[in-house]
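So this block is final01.cif, mmCIF, C-alpha atoms:
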data_target
#
loop_
_atom_site.group_PDB
_atom_site.id
_atom_site.type_symbol
_atom_site.label_atom_id
_atom_site.label_comp_id
_atom_site.auth_asym_id
_atom_site.auth_seq_id
_atom_site.Cartn_x
_atom_site.Cartn_y
_atom_site.Cartn_z
ATOM 1 C CA MET A 1 -8.184 10.587 -92.146
ATOM 2 C CA GLU A 2 -9.546 14.056 -91.469
ATOM 3 C CA TYR A 3 -11.420 14.752 -88.229
ATOM 4 C CA VAL A 4 -13.571 17.760 -87.392
ATOM 5 C CA PHE A 5 -13.886 18.896 -83.782
ATOM 6 C CA THR A 6 -14.024 21.945 -81.530
ATOM 7 C CA LEU A 7 -11.975 22.824 -78.469
ATOM 8 C CA LYS A 8 -13.197 25.613 -76.178
ATOM 9 C CA TYR A 9 -10.953 27.343 -73.659
ATOM 10 C CA GLN A 10 -11.139 29.861 -70.857
ATOM 11 C CA LEU A 11 -8.340 32.419 -70.884
ATOM 12 C CA VAL A 12 -6.674 34.000 -67.873
ATOM 13 C CA ALA A 13 -6.865 37.764 -67.442
ATOM 14 C CA GLU A 14 -3.095 38.114 -67.887
ATOM 15 C CA ASP A 15 -3.173 36.403 -71.276
ATOM 16 C CA CYS A 16 -6.155 37.852 -73.153
ATOM 17 C CA ASP A 17 -4.443 39.596 -76.080
ATOM 18 C CA LEU A 18 -6.423 37.769 -78.738
ATOM 19 C CA ASP A 19 -4.290 38.898 -81.676
ATOM 20 C CA ALA A 20 -1.169 37.593 -79.926
ATOM 21 C CA ILE A 21 -2.899 34.327 -79.009
ATOM 22 C CA VAL A 22 -4.071 33.743 -82.586
ATOM 23 C CA GLU A 23 -0.517 34.389 -83.795
ATOM 24 C CA ARG A 24 0.949 31.949 -81.239
ATOM 25 C CA LEU A 25 -1.641 29.312 -82.150
ATOM 26 C CA GLY A 26 -0.642 29.540 -85.812
ATOM 27 C CA GLU A 27 3.030 29.208 -84.922
ATOM 28 C CA ALA A 28 2.262 26.177 -82.726
ATOM 29 C CA GLY A 29 0.628 24.267 -85.585
ATOM 30 C CA CYS A 30 -3.021 25.242 -85.185
ATOM 31 C CA ASP A 31 -3.213 26.648 -88.707
ATOM 32 C CA ASP A 32 -5.831 23.964 -89.441
ATOM 33 C CA ALA A 33 -8.286 25.629 -87.051
ATOM 34 C CA THR A 34 -10.697 28.511 -87.321
ATOM 35 C CA VAL A 35 -10.382 30.580 -84.166
ATOM 36 C CA GLY A 36 -13.473 32.068 -82.572
ATOM 37 C CA VAL A 37 -13.087 34.890 -80.070
ATOM 38 C CA GLY A 38 -16.667 36.105 -79.611
ATOM 39 C CA GLN A 39 -17.078 35.713 -75.856
ATOM 40 C CA PRO A 40 -14.745 37.743 -73.607
ATOM 41 C CA GLY A 41 -12.204 35.568 -71.827
ATOM 42 C CA ARG A 42 -12.970 32.567 -74.053
ATOM 43 C CA ILE A 43 -11.588 31.151 -77.237
ATOM 44 C CA ALA A 44 -12.899 28.334 -79.424
ATOM 45 C CA LEU A 45 -10.975 26.500 -82.097
ATOM 46 C CA PHE A 46 -12.832 24.648 -84.850
ATOM 47 C CA PHE A 47 -10.383 22.074 -86.217
ATOM 48 C CA SER A 48 -10.273 20.059 -89.390
ATOM 49 C CA ARG A 49 -7.212 17.948 -88.575
ATOM 50 C CA GLU A 50 -5.593 14.921 -90.118
ATOM 51 C CA GLY A 51 -4.671 12.054 -87.836
ATOM 52 C CA GLU A 52 -4.204 8.316 -87.668
ATOM 53 C CA SER A 53 -7.244 8.287 -85.357
ATOM 54 C CA ALA A 54 -9.747 10.769 -83.968
ATOM 55 C CA PHE A 55 -8.121 10.522 -80.557
ATOM 56 C CA ALA A 56 -4.659 11.183 -82.029
ATOM 57 C CA ALA A 57 -5.975 14.240 -83.881
ATOM 58 C CA LEU A 58 -7.600 15.595 -80.714
ATOM 59 C CA VAL A 59 -4.520 14.956 -78.576
ATOM 60 C CA SER A 60 -2.214 16.627 -81.100
ATOM 61 C CA ALA A 61 -4.477 19.701 -81.129
ATOM 62 C CA LEU A 62 -4.587 19.781 -77.319
ATOM 63 C CA LYS A 63 -0.782 19.629 -77.209
ATOM 64 C CA ASP A 64 -0.423 22.396 -79.802
ATOM 65 C CA ILE A 65 -2.794 24.663 -77.882
ATOM 66 C CA LYS A 66 -1.060 23.915 -74.583
ATOM 67 C CA GLN A 67 2.243 24.905 -76.190
ATOM 68 C CA ALA A 68 0.819 28.155 -77.576
ATOM 69 C CA VAL A 69 -1.351 29.196 -74.617
ATOM 70 C CA PRO A 70 -0.181 27.247 -71.534
ATOM 71 C CA SER A 71 -2.429 29.221 -69.184
ATOM 72 C CA ALA A 72 -5.638 28.457 -71.124
ATOM 73 C CA ARG A 73 -8.017 26.062 -69.408
ATOM 74 C CA LEU A 74 -9.989 23.559 -71.470
ATOM 75 C CA VAL A 75 -13.732 24.076 -71.042
ATOM 76 C CA GLU A 76 -15.078 21.521 -73.516
ATOM 77 C CA ALA A 77 -14.162 19.276 -76.413
ATOM 78 C CA GLY A 78 -16.823 18.717 -79.026
ATOM 79 C CA PRO A 79 -18.826 17.299 -80.538
ATOM 80 C CA ASP A 80 -19.916 15.749 -77.269
ATOM 81 C CA PHE A 81 -22.680 17.481 -75.311
ATOM 82 C CA VAL A 82 -25.726 17.691 -77.567
ATOM 83 C CA GLY A 83 -29.476 18.073 -77.628
ATOM 84 C CA LEU A 84 -31.869 16.048 -79.742
ATOM 85 C CA THR A 85 -31.802 18.632 -82.535
ATOM 86 C CA ASP A 86 -28.029 18.222 -82.884
ATOM 87 C CA VAL A 87 -28.291 14.441 -82.952
ATOM 88 C CA ALA A 88 -31.121 14.544 -85.479
ATOM 89 C CA GLU A 89 -29.039 16.672 -87.818
ATOM 90 C CA ILE A 90 -26.068 14.300 -87.598
ATOM 91 C CA ALA A 91 -28.264 11.207 -88.010
ATOM 92 C CA GLY A 92 -30.168 12.705 -90.935
ATOM 93 C CA VAL A 93 -33.605 12.605 -89.306
ATOM 94 C CA SER A 94 -35.999 15.246 -88.016
ATOM 95 C CA ARG A 95 -35.944 16.445 -84.424
ATOM 96 C CA GLN A 96 -39.489 15.098 -84.066
ATOM 97 C CA ASN A 97 -38.322 11.669 -85.236
ATOM 98 C CA MET A 98 -35.438 11.753 -82.748
ATOM 99 C CA ARG A 99 -37.792 12.715 -79.918
ATOM 100 C CA LYS A 100 -40.211 9.954 -80.932
ATOM 101 C CA LEU A 101 -37.335 7.428 -80.818
ATOM 102 C CA MET A 102 -36.336 8.662 -77.360
ATOM 103 C CA LEU A 103 -39.883 8.428 -75.992
ATOM 104 C CA SER A 104 -40.790 5.100 -77.584
ATOM 105 C CA HIS A 105 -37.532 3.490 -76.405
ATOM 106 C CA ALA A 106 -37.325 5.099 -72.964
ATOM 107 C CA ILE A 107 -35.957 1.928 -71.362
ATOM 108 C CA ASP A 108 -32.899 1.521 -73.581
ATOM 109 C CA PHE A 109 -32.378 5.032 -74.971
ATOM 110 C CA PRO A 110 -29.132 6.458 -73.562
ATOM 111 C CA PRO A 111 -29.685 8.503 -70.410
ATOM 112 C CA PRO A 112 -28.940 12.220 -70.627
ATOM 113 C CA VAL A 113 -25.963 13.818 -68.915
ATOM 114 C CA HIS A 114 -28.332 16.572 -67.814
ATOM 115 C CA GLU A 115 -32.078 16.178 -67.701
ATOM 116 C CA GLY A 116 -34.333 19.193 -67.650
ATOM 117 C CA SER A 117 -36.197 21.573 -69.900
ATOM 118 C CA ALA A 118 -33.216 21.266 -72.217
ATOM 119 C CA SER A 119 -31.738 17.786 -71.804
ATOM 120 C CA VAL A 120 -28.168 17.089 -72.906
ATOM 121 C CA TRP A 121 -26.585 13.792 -73.968
ATOM 122 C CA HIS A 122 -23.158 12.533 -74.931
ATOM 123 C CA LEU A 123 -23.330 12.391 -78.724
ATOM 124 C CA SER A 124 -21.396 9.125 -78.919
ATOM 125 C CA ASP A 125 -23.890 7.357 -76.638
ATOM 126 C CA ILE A 126 -26.797 8.154 -78.945
ATOM 127 C CA LEU A 127 -24.840 7.459 -82.141
ATOM 128 C CA ASP A 128 -23.794 4.051 -80.758
ATOM 129 C CA TRP A 129 -27.425 3.360 -79.892
ATOM 130 C CA LEU A 130 -28.584 4.356 -83.384
ATOM 131 C CA ASN A 131 -25.871 2.198 -84.986
ATOM 132 C CA ALA A 132 -26.993 -0.796 -82.922
ATOM 133 C CA ARG A 133 -30.569 -0.291 -84.183
ATOM 134 C CA GLY A 134 -29.404 -0.101 -87.799
ATOM 135 C CA GLY A 135 -30.801 1.931 -90.659
ATOM 136 C CA TYR A 136 -28.979 5.166 -89.870
ATOM 137 C CA ASP A 137 -26.102 6.590 -91.881
ATOM 138 C CA ILE A 138 -23.692 7.475 -89.078
ATOM 139 C CA GLN A 139 -20.277 8.425 -90.428
ATOM 140 C CA THR A 140 -17.509 6.489 -88.702
ATOM 141 C CA ASN A 141 -15.228 9.503 -88.339
ATOM 142 C CA VAL A 142 -18.025 11.523 -86.672
ATOM 143 C CA LEU A 143 -18.652 8.718 -84.177
ATOM 144 C CA ASP A 144 -14.918 8.342 -83.522
ATOM 145 C CA VAL A 145 -14.527 12.068 -82.847
ATOM 146 C CA ALA A 146 -17.588 12.065 -80.580
ATOM 147 C CA LYS A 147 -16.182 9.138 -78.575
ATOM 148 C CA SER A 148 -12.795 10.828 -78.282
ATOM 149 C CA ALA A 149 -14.310 14.191 -77.296
ATOM 150 C CA LYS A 150 -16.339 12.437 -74.597
ATOM 151 C CA GLN A 151 -13.169 10.877 -73.185
ATOM 152 C CA VAL A 152 -11.402 14.252 -73.163
ATOM 153 C CA ASN A 153 -14.352 15.859 -71.353
ATOM 154 C CA LEU A 154 -14.571 13.042 -68.816
ATOM 155 C CA ALA A 155 -10.827 13.321 -68.144
ATOM 156 C CA ARG A 156 -11.146 17.089 -67.801
ATOM 157 C CA GLY A 157 -13.925 16.649 -65.251
ATOM 158 C CA THR A 158 -11.949 14.243 -63.090
ATOM 159 C CA ARG A 159 -9.262 16.820 -62.377
ATOM 160 C CA GLU A 160 -11.760 18.562 -60.112
ATOM 161 C CA LEU A 161 -12.512 15.461 -58.034
ATOM 162 C CA GLU A 162 -10.989 15.205 -54.595
ATOM 163 C CA PRO A 163 -9.172 11.835 -54.475
ATOM 164 C CA ARG A 164 -10.729 10.893 -51.117
ATOM 165 C CA LEU A 165 -14.249 11.550 -52.408
ATOM 166 C CA ASN A 166 -13.537 9.911 -55.753
ATOM 167 C CA ARG A 167 -12.759 6.598 -54.036
ATOM 168 C CA GLN A 168 -16.002 6.786 -52.052
ATOM 169 C CA LEU A 169 -18.127 7.703 -55.059
ATOM 170 C CA GLU A 170 -16.561 5.289 -57.558
ATOM 171 C CA CYS A 171 -18.782 2.328 -56.723
ATOM 172 C CA LEU A 172 -21.910 4.395 -56.033
ATOM 173 C CA VAL A 173 -22.351 6.228 -59.326
ATOM 174 C CA ALA A 174 -21.986 3.271 -61.680
#
Take the structure in this file and express it as structure tokens.
Amino acid sequence: MEYVFTLKYQLVAEDCDLDAIVERLGEAGCDDATVGVGQPGRIALFFSREGESAFAALVSALKDIKQAVPSARLVEAGPDFVGLTDVAEIAGVSRQNMRKLMLSHAIDFPPPVHEGSASVWHLSDILDWLNARGGYDIQTNVLDVAKSAKQVNLARGTRELEPRLNRQLECLVA
């Protein structure tokens, strides 16, 4: 099955020759990605990759990028962090409808990852919630990619935890 996802990276100053990086990515098997180089020191790869599962497709892309640009640091895998507008588009409803669902189901609507003037959710949490409610045409491969991207992002975030603090926080943040 084909899976569509994005991987965003931060580059190191010593390895910022974008033409060379794009060439190395192609040689490493990332010829199924569109490479974006708009922001200095960053690179984004929009993949349309075949795989036996969404997770397998993501992992194979991560490995290919690591081979081509070992110094690059993963910033984010997507689709994962989204606003209501993004979710509405994927679910085939209006943003107003999505907001109405959130407000009228405040008790069981998935909590945001970041709450503020622009709240952000894990896409898979909201898609799972919508699927449980029924009546929404959520494509299985989109949900699978969103779940896999969330796992990649959570794993990426744990590398910054100090082991001593992680043990103390584990039971408190559940």
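Atom pair CA of Ala68 (chain A) / CA of Gly36 (chain A) has a distance of 15.6 Å (rounded to one decimal).
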Output of the PyMOL selection byres ((chain A and resi 24) around 12), listed as a JSON list (two decimals) with C-alpha atoms, keeping the file's coordinate frame:
[["chain", "number", "residue", "atom", "x", "y", "z"],
["A", 15, "ASP", "CA", -3.17, 36.40, -71.28],
["A", 17, "ASP", "CA", -4.44, 39.60, -76.08],
["A", 18, "LEU", "CA", -6.42, 37.77, -78.74],
["A", 19, "ASP", "CA", -4.29, 38.90, -81.68],
["A", 20, "ALA", "CA", -1.17, 37.59, -79.93],
["A", 21, "ILE", "CA", -2.90, 34.33, -79.01],
["A", 22, "VAL", "CA", -4.07, 33.74, -82.59],
["A", 23, "GLU", "CA", -0.52, 34.39, -83.80],
["A", 25, "LEU", "CA", -1.64, 29.31, -82.15],
["A", 26, "GLY", "CA", -0.64, 29.54, -85.81],
["A", 27, "GLU", "CA", 3.03, 29.21, -84.92],
["A", 28, "ALA", "CA", 2.26, 26.18, -82.73],
["A", 29, "GLY", "CA", 0.63, 24.27, -85.58],
["A", 30, "CYS", "CA", -3.02, 25.24, -85.18],
["A", 31, "ASP", "CA", -3.21, 26.65, -88.71],
["A", 35, "VAL", "CA", -10.38, 30.58, -84.17],
["A", 64, "ASP", "CA", -0.42, 22.40, -79.80],
["A", 65, "ILE", "CA", -2.79, 24.66, -77.88],
["A", 66, "LYS", "CA", -1.06, 23.92, -74.58],
["A", 67, "GLN", "CA", 2.24, 24.90, -76.19],
["A", 68, "ALA", "CA", 0.82, 28.16, -77.58],
["A", 69, "VAL", "CA", -1.35, 29.20, -74.62],
["A", 70, "PRO", "CA", -0.18, 27.25, -71.53]]
Query raised in the report: When distances are computed from all atoms listed in the file, which of A:Lys63, A:Lys8, A:Val152, A:Val82 shows the smallest separation from Gly38 (chain A)?
Result: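 That would be A:Lys8, the residue with the smallest distance to Gly38 (chain A).
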Requested in this report: Quick one: everything within 12 Å of region 109-117 of chain A, counting all atoms listed in the file, minus sequence neighbours fewer than 2 positions away in the same chain. Send it as a PyMOL selection string.
Outcome: chain A and resi 80-84+98-107+119-130+132-133+150+154
Requested in this report: For the file shown, report as a PyMOL selection string the outcome of the PyMOL selection byres ((chain A and resi 9) around 9) at residue level.
Outcome: chain A and resi 7-8+10-11+41-45+72-76
For the selection just defined, write its residues with C-alpha atoms to a file, as a PDB file, keeping the file's coordinate frame.
ATOM      1  CA  LEU A   7     -11.975  22.824 -78.469  1.00  0.00           C
ATOM      2  CA  LYS A   8     -13.197  25.613 -76.178  1.00  0.00           C
ATOM      3  CA  GLN A  10     -11.139  29.861 -70.857  1.00  0.00           C
ATOM      4  CA  LEU A  11      -8.340  32.419 -70.884  1.00  0.00           C
ATOM      5  CA  GLY A  41     -12.204  35.568 -71.827  1.00  0.00           C
ATOM      6  CA  ARG A  42     -12.970  32.567 -74.053  1.00  0.00           C
ATOM      7  CA  ILE A  43     -11.588  31.151 -77.237  1.00  0.00           C
ATOM      8  CA  ALA A  44     -12.899  28.334 -79.424  1.00  0.00           C
ATOM      9  CA  LEU A  45     -10.975  26.500 -82.097  1.00  0.00           C
ATOM     10  CA  ALA A  72      -5.638  28.457 -71.124  1.00  0.00           C
ATOM     11  CA  ARG A  73      -8.017  26.062 -69.408  1.00  0.00           C
ATOM     12  CA  LEU A  74      -9.989  23.559 -71.470  1.00  0.00           C
ATOM     13  CA  VAL A  75     -13.732  24.076 -71.042  1.00  0.00           C
ATOM     14  CA  GLU A  76     -15.078  21.521 -73.516  1.00  0.00           C
TER      15      GLU A  76
END
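Between CA of Phe55 (chain A) and CA of Asp144 (chain A) the separation is 7.7 Å.
When only C-alpha atoms are used to compute distances to Gln151 (chain A), the closest of the residues A:Gln39, A:Leu169, A:Ser60, A:Ala77 turns out to be A:Ala77.
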Query raised in the report: How many Å lie between CA of Glu50 (chain A) and CA of Asp137 (chain A), rounded to one decimal?
Result: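 Taking CA of Glu50 (chain A) and CA of Asp137 (chain A), their separation equals 22.2 Å.
Once the PyMOL selection byres ((chain A and resi 47) around 7) is applied to the depicted file, the selected set reads Val4, Phe5, Thr6, Asp32, Ala33, Thr34, Leu45, Phe46, Ser48 and Arg49 of chain A.
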Requested in this report: Kindly indicate which residue among A:Leu165, A:Ala88, A:Ser71, A:Val37 lies nearest to Ala13 (chain A), using only C-alpha atoms for the distances.
Outcome: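 Going through A:Leu165, A:Ala88, A:Ser71, A:Val37 one by one, the smallest distance to Ala13 (chain A) is for A:Ser71.
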Query raised in the report: Got a sec to check which residues sit within 10 Å of (-8.7, 6.4, -80.8), counting only C-alpha atoms, and write them as a PyMOL selection string?
Result: chain A and resi 51-59+144-145+147-148+151
